[in-house]
Amino acid sequence: MLTKDDIRGVAVMVPTPAKEGAEGWDVPDSVDLDETARMVENYIRAGIGVIAACGTTGECAALLWEEKRAFIDTIAQVARKRVPIFAGATALGTKEVVRQMRGLKAAGADGAFGGLPLWQTPTNENAVQFFADLGEAVPDMPIMIYANARFFKSTFPTSFWAGVAKKAPTVVLTKVSYNHANLLEDLKVAGERINFMPGEAAIYPAYRMARPRITAIWSSGMACMGPEPVVALADAILKDDEKRTEEIWRDIRSVPPVVSADEYLAGFAQYNAQINKYLTNVAGYVKDGPCRAPYRISDLPESWKKGAELRAKAWNELRKRYTRAT
């Protein structure tokens, strides 16, 4: 079974490509499996280290179970164990998460990717026990915790990580999307067992804070436009090359944002899936297709669309400087 030390490099939070005309609520077979296969092969050849599927920007909430299972099966067939695959299994209750974990493992996933049950706010004890129960139910499937404070109604305090390290031995990785101020304390209580993986927008300060213990980056919006600059950044971090890391980070930060930071934070909860879909399609690395119901590209303000087009154009220019020779 995978351990924290097997997680290195860029973990791409991949989109779930949709067929043309598949935006309606009445389309039961929306996943473009041919594009999925092409996408996976391209990511692996580009040097990514992990595939994480069926997260927020992978439209997990808009997929039927049958679609998710076919998607993961295709990813696994193409990946052929060259990189670990974590498959999203977030649901409203423990029994459904367990059912999905078992099904996704049978489809070829190496690990499960999930947050806390999306209903009431969990107590810290309840949150720890949830992951302990998953480990008991599926003891041979490692877990990546989707530690998103905004979505899962938890601040993921240090006491949570201490509890998980003690009671949930199958947790090997976390996608850090909470306040990084406690990162050193969290690493102290759980870092021997759990790989703490900061995101694309926070990786440099996290690396400076905790080098050389940072060995992985999660990336959604950037890698979905093309992973090469983020792969180069991960390589520099793994070599603990501070000068090179800073140079690449400066290049990445030079790419214009979609909108201002304040506007993005204000609209993120409403537009997360849609803006990632729009960016991915405009950049062209993955043919992501239409949004699935209930999301709509028409939800996006025109300022976000225009900003996305400028960002994608600049990102593609940056990719040329980091594309590996084949």
# chains A, B, ... in the order shown; residues from 1 in each chain; ligands from 1
call {"tool": "residues_around", "arguments": {"residues": "A:Pro257", "least_positions_apart": "3", "cutoff": "10 Å", "atoms": "only C-alpha atoms", "output": "ChimeraX atom specification"}}
result
/A:253-254,260-261,264,304,307-308,310-312,314
call {"tool": "write_last_selection", "arguments": {"atoms": "N, CA and C atoms", "output": "mmCIF file, in the first residue's frame"}}
result
data_model
loop_
_atom_site.group_PDB
_atom_site.id
_atom_site.type_symbol
_atom_site.label_atom_id
_atom_site.label_comp_id
_atom_site.auth_asym_id
_atom_site.auth_seq_id
_atom_site.Cartn_x
_atom_site.Cartn_y
_atom_site.Cartn_z
ATOM 1 N N ARG A 253 4.052 33.514 -11.036
ATOM 2 C CA ARG A 253 3.300 34.639 -10.472
ATOM 3 C C ARG A 253 3.170 35.795 -11.459
ATOM 4 N N SER A 254 3.982 35.794 -12.516
ATOM 5 C CA SER A 254 3.887 36.869 -13.507
ATOM 6 C C SER A 254 2.685 36.703 -14.433
ATOM 7 N N SER A 260 -9.116 40.269 -9.847
ATOM 8 C CA SER A 260 -8.375 40.654 -8.643
ATOM 9 C C SER A 260 -8.586 39.623 -7.546
ATOM 10 N N ALA A 261 -7.669 39.594 -6.594
ATOM 11 C CA ALA A 261 -7.760 38.628 -5.497
ATOM 12 C C ALA A 261 -9.064 38.787 -4.721
ATOM 13 N N TYR A 264 -11.940 37.461 -6.816
ATOM 14 C CA TYR A 264 -11.873 36.008 -6.926
ATOM 15 C C TYR A 264 -12.367 35.342 -5.639
ATOM 16 N N TRP A 304 -14.838 37.751 -15.840
ATOM 17 C CA TRP A 304 -14.109 36.524 -15.523
ATOM 18 C C TRP A 304 -13.698 35.804 -16.807
ATOM 19 N N GLY A 307 -10.804 37.738 -18.369
ATOM 20 C CA GLY A 307 -9.606 37.517 -17.568
ATOM 21 C C GLY A 307 -9.045 36.120 -17.764
ATOM 22 N N ALA A 308 -9.924 35.134 -17.908
ATOM 23 C CA ALA A 308 -9.486 33.756 -18.131
ATOM 24 C C ALA A 308 -8.778 33.624 -19.474
ATOM 25 N N LEU A 310 -7.105 35.939 -21.093
ATOM 26 C CA LEU A 310 -5.776 36.543 -20.979
ATOM 27 C C LEU A 310 -4.827 35.656 -20.180
ATOM 28 N N ARG A 311 -5.338 35.073 -19.120
ATOM 29 C CA ARG A 311 -4.509 34.200 -18.278
ATOM 30 C C ARG A 311 -4.070 32.961 -19.059
ATOM 31 N N ALA A 312 -4.995 32.342 -19.773
ATOM 32 C CA ALA A 312 -4.658 31.144 -20.544
ATOM 33 C C ALA A 312 -3.626 31.446 -21.618
ATOM 34 N N ALA A 314 -1.327 33.834 -21.594
ATOM 35 C CA ALA A 314 -0.033 34.053 -20.950
ATOM 36 C C ALA A 314 0.549 32.746 -20.422
#
call {"tool": "residues_around", "arguments": {"residues": "A:Glu309", "least_positions_apart": "2", "cutoff": "12 Å", "atoms": "only C-alpha atoms", "output": "number ranges by chain"}}
result
A: 225, 255-259, 275-284, 302-307, 311-316
call {"tool": "write_last_selection", "arguments": {"atoms": "N, CA and C atoms", "output": "PDB file, in the first residue's frame"}}
result
ATOM      1  N   MET A 225      -4.391  23.883 -17.392  1.00  0.00           N
ATOM      2  CA  MET A 225      -4.016  24.650 -18.582  1.00  0.00           C
ATOM      3  C   MET A 225      -2.759  24.087 -19.242  1.00  0.00           C
ATOM      4  N   VAL A 255       2.109  35.510 -14.469  1.00  0.00           N
ATOM      5  CA  VAL A 255       0.933  35.268 -15.306  1.00  0.00           C
ATOM      6  C   VAL A 255      -0.265  35.975 -14.667  1.00  0.00           C
ATOM      7  N   PRO A 256      -0.999  36.781 -15.422  1.00  0.00           N
ATOM      8  CA  PRO A 256      -2.071  37.575 -14.817  1.00  0.00           C
ATOM      9  C   PRO A 256      -3.191  36.714 -14.260  1.00  0.00           C
ATOM     10  N   PRO A 257      -3.773  37.115 -13.137  1.00  0.00           N
ATOM     11  CA  PRO A 257      -4.907  36.371 -12.586  1.00  0.00           C
ATOM     12  C   PRO A 257      -6.166  36.607 -13.414  1.00  0.00           C
ATOM     13  N   VAL A 258      -7.166  35.784 -13.172  1.00  0.00           N
ATOM     14  CA  VAL A 258      -8.442  35.945 -13.880  1.00  0.00           C
ATOM     15  C   VAL A 258      -9.077  37.281 -13.519  1.00  0.00           C
ATOM     16  N   VAL A 259      -9.138  37.556 -12.227  1.00  0.00           N
ATOM     17  CA  VAL A 259      -9.673  38.820 -11.704  1.00  0.00           C
ATOM     18  C   VAL A 259      -8.831  39.165 -10.476  1.00  0.00           C
ATOM     19  N   ILE A 275     -15.185  28.322 -13.676  1.00  0.00           N
ATOM     20  CA  ILE A 275     -13.994  29.027 -14.137  1.00  0.00           C
ATOM     21  C   ILE A 275     -12.894  28.036 -14.483  1.00  0.00           C
ATOM     22  N   ASN A 276     -12.807  26.948 -13.762  1.00  0.00           N
ATOM     23  CA  ASN A 276     -11.799  25.951 -14.119  1.00  0.00           C
ATOM     24  C   ASN A 276     -12.122  25.323 -15.474  1.00  0.00           C
ATOM     25  N   LYS A 277     -13.393  25.072 -15.721  1.00  0.00           N
ATOM     26  CA  LYS A 277     -13.819  24.529 -17.011  1.00  0.00           C
ATOM     27  C   LYS A 277     -13.476  25.512 -18.138  1.00  0.00           C
ATOM     28  N   TYR A 278     -13.777  26.779 -17.917  1.00  0.00           N
ATOM     29  CA  TYR A 278     -13.534  27.782 -18.955  1.00  0.00           C
ATOM     30  C   TYR A 278     -12.036  27.937 -19.221  1.00  0.00           C
ATOM     31  N   LEU A 279     -11.240  28.029 -18.167  1.00  0.00           N
ATOM     32  CA  LEU A 279      -9.794  28.141 -18.322  1.00  0.00           C
ATOM     33  C   LEU A 279      -9.216  26.943 -19.074  1.00  0.00           C
ATOM     34  N   THR A 280      -9.659  25.753 -18.694  1.00  0.00           N
ATOM     35  CA  THR A 280      -9.147  24.533 -19.311  1.00  0.00           C
ATOM     36  C   THR A 280      -9.444  24.524 -20.804  1.00  0.00           C
ATOM     37  N   ASN A 281     -10.667  24.842 -21.165  1.00  0.00           N
ATOM     38  CA  ASN A 281     -11.045  24.832 -22.585  1.00  0.00           C
ATOM     39  C   ASN A 281     -10.313  25.910 -23.379  1.00  0.00           C
ATOM     40  N   VAL A 282     -10.200  27.105 -22.816  1.00  0.00           N
ATOM     41  CA  VAL A 282      -9.542  28.196 -23.531  1.00  0.00           C
ATOM     42  C   VAL A 282      -8.059  27.892 -23.726  1.00  0.00           C
ATOM     43  N   ALA A 283      -7.413  27.314 -22.714  1.00  0.00           N
ATOM     44  CA  ALA A 283      -5.987  26.999 -22.820  1.00  0.00           C
ATOM     45  C   ALA A 283      -5.737  25.879 -23.823  1.00  0.00           C
ATOM     46  N   GLY A 284      -6.637  24.901 -23.873  1.00  0.00           N
ATOM     47  CA  GLY A 284      -6.568  23.889 -24.913  1.00  0.00           C
ATOM     48  C   GLY A 284      -5.754  22.648 -24.607  1.00  0.00           C
ATOM     49  N   GLU A 302     -18.782  38.309 -17.528  1.00  0.00           N
ATOM     50  CA  GLU A 302     -17.925  38.547 -18.689  1.00  0.00           C
ATOM     51  C   GLU A 302     -16.507  38.932 -18.278  1.00  0.00           C
ATOM     52  N   SER A 303     -16.373  39.636 -17.167  1.00  0.00           N
ATOM     53  CA  SER A 303     -15.030  40.023 -16.716  1.00  0.00           C
ATOM     54  C   SER A 303     -14.190  38.798 -16.369  1.00  0.00           C
ATOM     55  N   TRP A 304     -14.838  37.751 -15.840  1.00  0.00           N
ATOM     56  CA  TRP A 304     -14.109  36.524 -15.523  1.00  0.00           C
ATOM     57  C   TRP A 304     -13.698  35.804 -16.807  1.00  0.00           C
ATOM     58  N   LYS A 305     -14.579  35.803 -17.799  1.00  0.00           N
ATOM     59  CA  LYS A 305     -14.238  35.138 -19.067  1.00  0.00           C
ATOM     60  C   LYS A 305     -13.062  35.839 -19.751  1.00  0.00           C
ATOM     61  N   LYS A 306     -13.125  37.152 -19.796  1.00  0.00           N
ATOM     62  CA  LYS A 306     -12.046  37.898 -20.449  1.00  0.00           C
ATOM     63  C   LYS A 306     -10.724  37.706 -19.699  1.00  0.00           C
ATOM     64  N   GLY A 307     -10.804  37.738 -18.369  1.00  0.00           N
ATOM     65  CA  GLY A 307      -9.606  37.517 -17.568  1.00  0.00           C
ATOM     66  C   GLY A 307      -9.045  36.120 -17.764  1.00  0.00           C
ATOM     67  N   ARG A 311      -5.338  35.073 -19.120  1.00  0.00           N
ATOM     68  CA  ARG A 311      -4.509  34.200 -18.278  1.00  0.00           C
ATOM     69  C   ARG A 311      -4.070  32.961 -19.059  1.00  0.00           C
ATOM     70  N   ALA A 312      -4.995  32.342 -19.773  1.00  0.00           N
ATOM     71  CA  ALA A 312      -4.658  31.144 -20.544  1.00  0.00           C
ATOM     72  C   ALA A 312      -3.626  31.446 -21.618  1.00  0.00           C
ATOM     73  N   LYS A 313      -3.765  32.593 -22.279  1.00  0.00           N
ATOM     74  CA  LYS A 313      -2.795  32.970 -23.315  1.00  0.00           C
ATOM     75  C   LYS A 313      -1.404  33.149 -22.718  1.00  0.00           C
ATOM     76  N   ALA A 314      -1.327  33.834 -21.594  1.00  0.00           N
ATOM     77  CA  ALA A 314      -0.033  34.053 -20.950  1.00  0.00           C
ATOM     78  C   ALA A 314       0.549  32.746 -20.422  1.00  0.00           C
ATOM     79  N   TRP A 315      -0.308  31.869 -19.918  1.00  0.00           N
ATOM     80  CA  TRP A 315       0.164  30.576 -19.404  1.00  0.00           C
ATOM     81  C   TRP A 315       0.756  29.737 -20.543  1.00  0.00           C
ATOM     82  N   ASN A 316       0.108  29.738 -21.679  1.00  0.00           N
ATOM     83  CA  ASN A 316       0.634  28.970 -22.811  1.00  0.00           C
ATOM     84  C   ASN A 316       1.980  29.505 -23.281  1.00  0.00           C
TER      85      ASN A 316
END
call {"tool": "residues_around", "arguments": {"residues": "A:Cys60", "least_positions_apart": "3", "cutoff": "9 Å", "atoms": "only C-alpha atoms", "output": "PyMOL selection string"}}
result
chain A and resi 16+53-57+63-64+68+88-90
call {"tool": "select_by_dssp", "arguments": {"residues": "stretch 1-176 of chain A", "states": "alpha helix (DSSP H)", "output": "PyMOL selection string"}}
result
chain A and resi 33-46+65-79+94-106+124-137+149-152+158-167
call {"tool": "closest_atom_pairs", "arguments": {"of": "stretch 58-97 of chain A", "to": "stretch 132-154 of chain A", "cutoff": "8 Å", "atoms": "only C-alpha atoms", "output": "JSON lines"}}
result
{"residue": "A:Phe86", "atom": "CA", "partner": "A:Met144", "partner_atom": "CA", "distance": 7.3}
{"residue": "A:Thr94", "atom": "CA", "partner": "A:Leu134", "partner_atom": "CA", "distance": 7.4}
{"residue": "A:Val97", "atom": "CA", "partner": "A:Leu134", "partner_atom": "CA", "distance": 7.9}
call {"tool": "write_last_selection", "arguments": {"atoms": "all heavy atoms", "output": "compact mmCIF listing (two decimals), in the first residue's frame"}}
result
# COMPACT_ATOMS: atom_id res chain seq x y z
N PHE A 86 -5.57 8.71 -7.06
CA PHE A 86 -6.50 8.90 -5.95
C PHE A 86 -7.85 9.31 -6.54
O PHE A 86 -7.93 10.27 -7.31
CB PHE A 86 -6.00 9.96 -4.97
CG PHE A 86 -4.90 9.48 -4.07
CD1 PHE A 86 -3.59 9.43 -4.52
CD2 PHE A 86 -5.18 9.05 -2.78
CE1 PHE A 86 -2.57 8.97 -3.70
CE2 PHE A 86 -4.17 8.59 -1.95
CZ PHE A 86 -2.86 8.55 -2.41
N THR A 94 -20.92 8.01 5.95
CA THR A 94 -19.81 7.06 5.97
C THR A 94 -20.10 5.82 5.12
O THR A 94 -19.23 5.35 4.38
CB THR A 94 -19.51 6.64 7.41
OG1 THR A 94 -19.25 7.82 8.20
CG2 THR A 94 -18.30 5.71 7.47
N VAL A 97 -19.57 6.53 1.47
CA VAL A 97 -18.15 6.71 1.16
C VAL A 97 -17.45 5.35 1.09
O VAL A 97 -16.66 5.08 0.18
CB VAL A 97 -17.46 7.61 2.21
CG1 VAL A 97 -15.96 7.67 1.96
CG2 VAL A 97 -18.05 9.02 2.18
